[in-house]
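One structure is given here, and the rest of the page talks about it.
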Amino acid sequence: MKRIESVNDFVIKFANVNGTGSASANNLFAKALFRMGLPVSPKNIFPSNIQGLPTWYEVRVNEKGYLGRRGGIDIALSVNPQSMAQDIREVLPGGYFIYDNTKLLDLRLHRDDISIIGVPLTRICNEQYEDPRQRQLFKNVIYVGALAALLDMDFKVLTGLVEDQFKGKKNLVLPNIHALELGYQYARNNLDCPIGIRVEKSDKVGDKILLDGNTALGLGALYGGATVAAWYPITPSTSVVDAFEKYAKRVRIDPGTGQRNYAIVQAEDELSAIGMAIGASWNGARAFTATSGPGVSLMSEFLGLAYFAEIPTVLFNVQRAGPSTGMPTRTQQADILSCAYASHGDTKQVLLFPSTPKECFDFGAQAFDLAERLQTPIIVMTDLDLGMNDNMSEPLAWDDERKYDRGKVLSAQDLEEGAVFGRYLDVDGDAICYRTYPGTHPTKGAFFTRGTSRNEYAVYTEKGEEYEANMLRLLRKWDTINEYVPAPIIIDCGVETDTAVLYFGTSEESSREALDHLSDEGVHLNAMRVRAFPFNDEVQEFIERHKQVFVIEQNRDSQLRTLLMAEFEFGPEKLKSVLCFDGTPISARNIRKQIKKHLNSDNVLPLHRDVALLRAGEFS
Amino acid sequence: MSYQLPKFRHPELPVNDLGYTRADYEGAISTLCAGCGHDSISGAIVRACHELSIEPHKIAKLSGIGCSSKAPTYFLGNSHGFNSVHGRMPSVVTGAALANRDLLYMGVSGDGDTASIGMGQFAHVARRNLNMVYIVMNNGCYGLTKGQDSATADRGSASKKGDPNIYSAIDLCGTALQMGATFVARSFSGDKEQLVPLIKAAISHRGFALIDVVSPCVTFNNNSKSTKSYDFVREHAEATGTIDFVPMHSEITTHYQPGHAHEVTMHDGSSIRLYKMDESLNPFDRRSAVNVLEEHRYSGNILTGLIYMNLDSRDLHEVLETSQRPLNALDESDLCPGNKMLVNINASLR
């Protein structure tokens, strides 16, 4: 058997039972590697369940900094008998299977082509601990200790992390370090350490941070000046408002009076949540709601009202695999069309596509400026992969000189000085009209907000020509919006080529890795990351100057490609789809394989998920 | 519209403490059917706001969809208005009220808008005790879609179409009580002497104030077999009593009526004086209110007047402990923690 040998480059998958406290131990493992200067990308693969079902945690370590899902498992660490058969099957030939051998491995599961390593976790726990809960919790910490020995990790980094994590709680620090040592010593004394895969200290992390996108969005809303948050719990978006609340409690409560400079309401449903956000925005506060696909469906009527009545609204959509009873804990980018054209009537909604936690923070804050400047809903489109996993990211930063752009709002003084006020009157040609907040002036500036049956002065009318004029102005406004939304990022491969890829959001890391590999094989492609809808002119120019563009997305129906074809009228010959919609983040191997299949349909592997094939020629 | 409300007003129209005439509180001319109860309610709102000397621009009027929800166009023309989404006015008001606690929020809805499509939001806005006035213009039918029964139509009541309603009716006052509303009243569009003081008291109440106003639909539901016709309501209305509303610092000029007077002081310093006709009702006790409502339902009479008021009400802002300064008045210096905190957050994420 040829063992997989590597330094600072592997994928490990932990197989746990939901609700046993494994998440924090696994997190400890990933963060320790990060502190050793190694780029890591941990991903939770969890069921829609609180306790009892299998859950997995996959960590990729890659010194080159590739953070996308690679595909293939080098090391499986199994403490869940329920999923053991699947877990051992998934290990790549030459890989390692580490398991709790208190109960010996079922012979039927045995494989000759991998290294099987036993650590008697349950036995150690039973000897050490009386309390059943402690036995369960420390079992997780013990296997992290064992891994430290097997992978040759710096044990001091682990103990340092535990000390940081439980700062000031000595009664927690010592037992955790003790448990780490139990595992570490067992492995040292009984197993061949290190295995073929090991880690060394590196310096590939720089000043980067490890943060989930939802926390970054919550912080973005806080920095962006949001004061009203209305929401309804839905995975995977729930932690956005949790994060907003956590930091708001720290910095938005007056220490003297205890009064809060924010209000959070858990609404009765998503309809109400967005209604509250719209009501607050109409009244001059910065407000937002966070949801996922099914919530967007419920919010659609209100999104139409906000579009037509031109009310700033900020919506964070953390996408998941639909529908309601579908795969709520798995990732997808499948709400592109339902959001871009959300609601009845002729509507177009502004979408932003962040791809890192830093961008979640930046777009999260910028969304409020854009919403108020452009007077329309701004939907920030992230997904479960970005939102709920710790992603390595540039550090967050804020320019202290920055002022909020509150958009076109007339004050009492403006009205007093004779400003002409027509709520839907375009006075300066950008198709964005002035608004007033309720309560501004006793006799000037009041207006009645409705959907569309009104004229430029917000007076009721059902005249067709007034309706049409308003709709045409909204189209002109769409052109103005074009100038404000984030531009795409274009990466020129440096070699003359008529072929390119286009991607957005969380497909970025895997796409770039795939492009590097393709480039090594002599296939050179330009790349563009789209960051917003409406698509800027640069998007159109980029596509026009290539003969063929691969559109990489994580949904079945090529939704972004459809949107590009609808907006620009590009033909299906020009835009080719590269897709992944099984609920896991798209991997570099998958992208590479699909592109090669398109480019050279005679000489590629068929597209399926056979583990042996995944390894063959794809990875070494 | 091809015609407009005449601008001419009698030069000596009485002005309120702020110097405004009643005309300053009026809106566009109504496009509802002649004789519609809703127009009388609009008139009562105008009178209450004028007499209370509330600055017109310090009121925000919001509605859902339906005949009732068109009504805000026809009053308070100097106030911002919002004709929102069917059944969703409560959420929009909640957001608006959170943004600026200094305005008066006047929500107008109908029986379809509240008791059917908007039942969820109605229940929850009551439960959160949002500081607002919630007026239901209740005619037991869907006017704009030509007279279908609504969920407040009594079982057996027949509209102009003729078929008796086969479902039981939702009693919005009873529902509101169950949901935790802190001010519940019912009135009749044809009884301004009762309705105007109730609106004033609802405005002064801190918390969620429902007034369910039976407001006959002259076009589709004013026939002899309807229990929401003018005639039926006049014959079957039973008032809990009458109330006088005494604004803060005002001298008491209203006429005393015989009977037992009960005076209570409200949050804003004004007071109401209640003359009870029904001694079995204690409007400051929720159980009593529920019982009396239920008794009237059995007897087939319509209980009107103040049904319940909680004087210790704590509204949503108090519960959430939001800042006294309206949230929409805060800027970067109040809201943005600055880069220094991010430096610390970054450090904790390494």
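The chains in the structure tokens are called A, B, ... from first to last as shown; in each chain the residues are counted from 1, and the ligands are counted from 1 in the order shown.
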Kindly provide, as an NGL selection string, the residues of chain A having any atom no farther than 6 Å from an atom of chain B, counting only C-alpha atoms.
-> :A and (209-210 or 223 or 225 or 259-261 or 272 or 275-277 or 279-280 or 283-285 or 395 or 398 or 400 or 438-439 or 442-443 or 446-450)
DSSP on the backbone: what in segment 338-501 of chain A comes out helix (DSSP H, G or I), as a ChimeraX atom specification?
-> /A:338-340,357-374,384-388,412-416,464-484
May I ask which of the residues B:Ser69, B:Asn16, B:Ser109, B:Asn282 is the closest one to Phe122 of chain B, counting only C-alpha atoms?
->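 Of B:Ser69, B:Asn16, B:Ser109, B:Asn282, the one nearest Phe122 of chain B is B:Ser109, counting only C-alpha atoms.
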Which residue out of B:Phe188, B:Tyr275, B:Tyr105, B:Phe8 has the minimum interatomic distance to Ala44 of chain B when only C-alpha atoms are used?
->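 For Ala44 of chain B, the nearest of the candidates is B:Phe188.
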Measuring atom to atom with only C-alpha atoms, identify which of A:Arg556, A:Lys358, A:Arg592, A:Arg545 is nearest to Ala334 of chain A.
->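 When distances to Ala334 of chain A are compared using only C-alpha atoms, the smallest one comes from A:Arg556.
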Considering only C-alpha atoms, return as a ChimeraX atom specification whatever protein or nucleic-acid residues lie within 12 Å of segment 296-299 of chain B, sequence-local ones (same chain, fewer than 4 positions apart) excluded.
-> /B:154-155,168-171,173-174,236-240,278,280-281,289-292,303-304,307
Mind checking which residues fall within 8 Å of segment 522-538 of chain A, counting only C-alpha atoms, ignoring those fewer than 3 positions away in the same chain, and posting them as a ChimeraX atom specification?
-> /A:340,349-354,478,481-483,485-493,495,497-505,508,515,518-519,541-542
Option closest in space to Tyr424 of chain A, from A:Met381, A:Ala309, A:Ala30, A:Ala514 [counting only C-alpha atoms] = A:Ala309
Strand (DSSP E) positions in segment 198-272 of chain B, given as a ChimeraX atom specification | /B:208-214,237-239,241-246,261-265,271-272
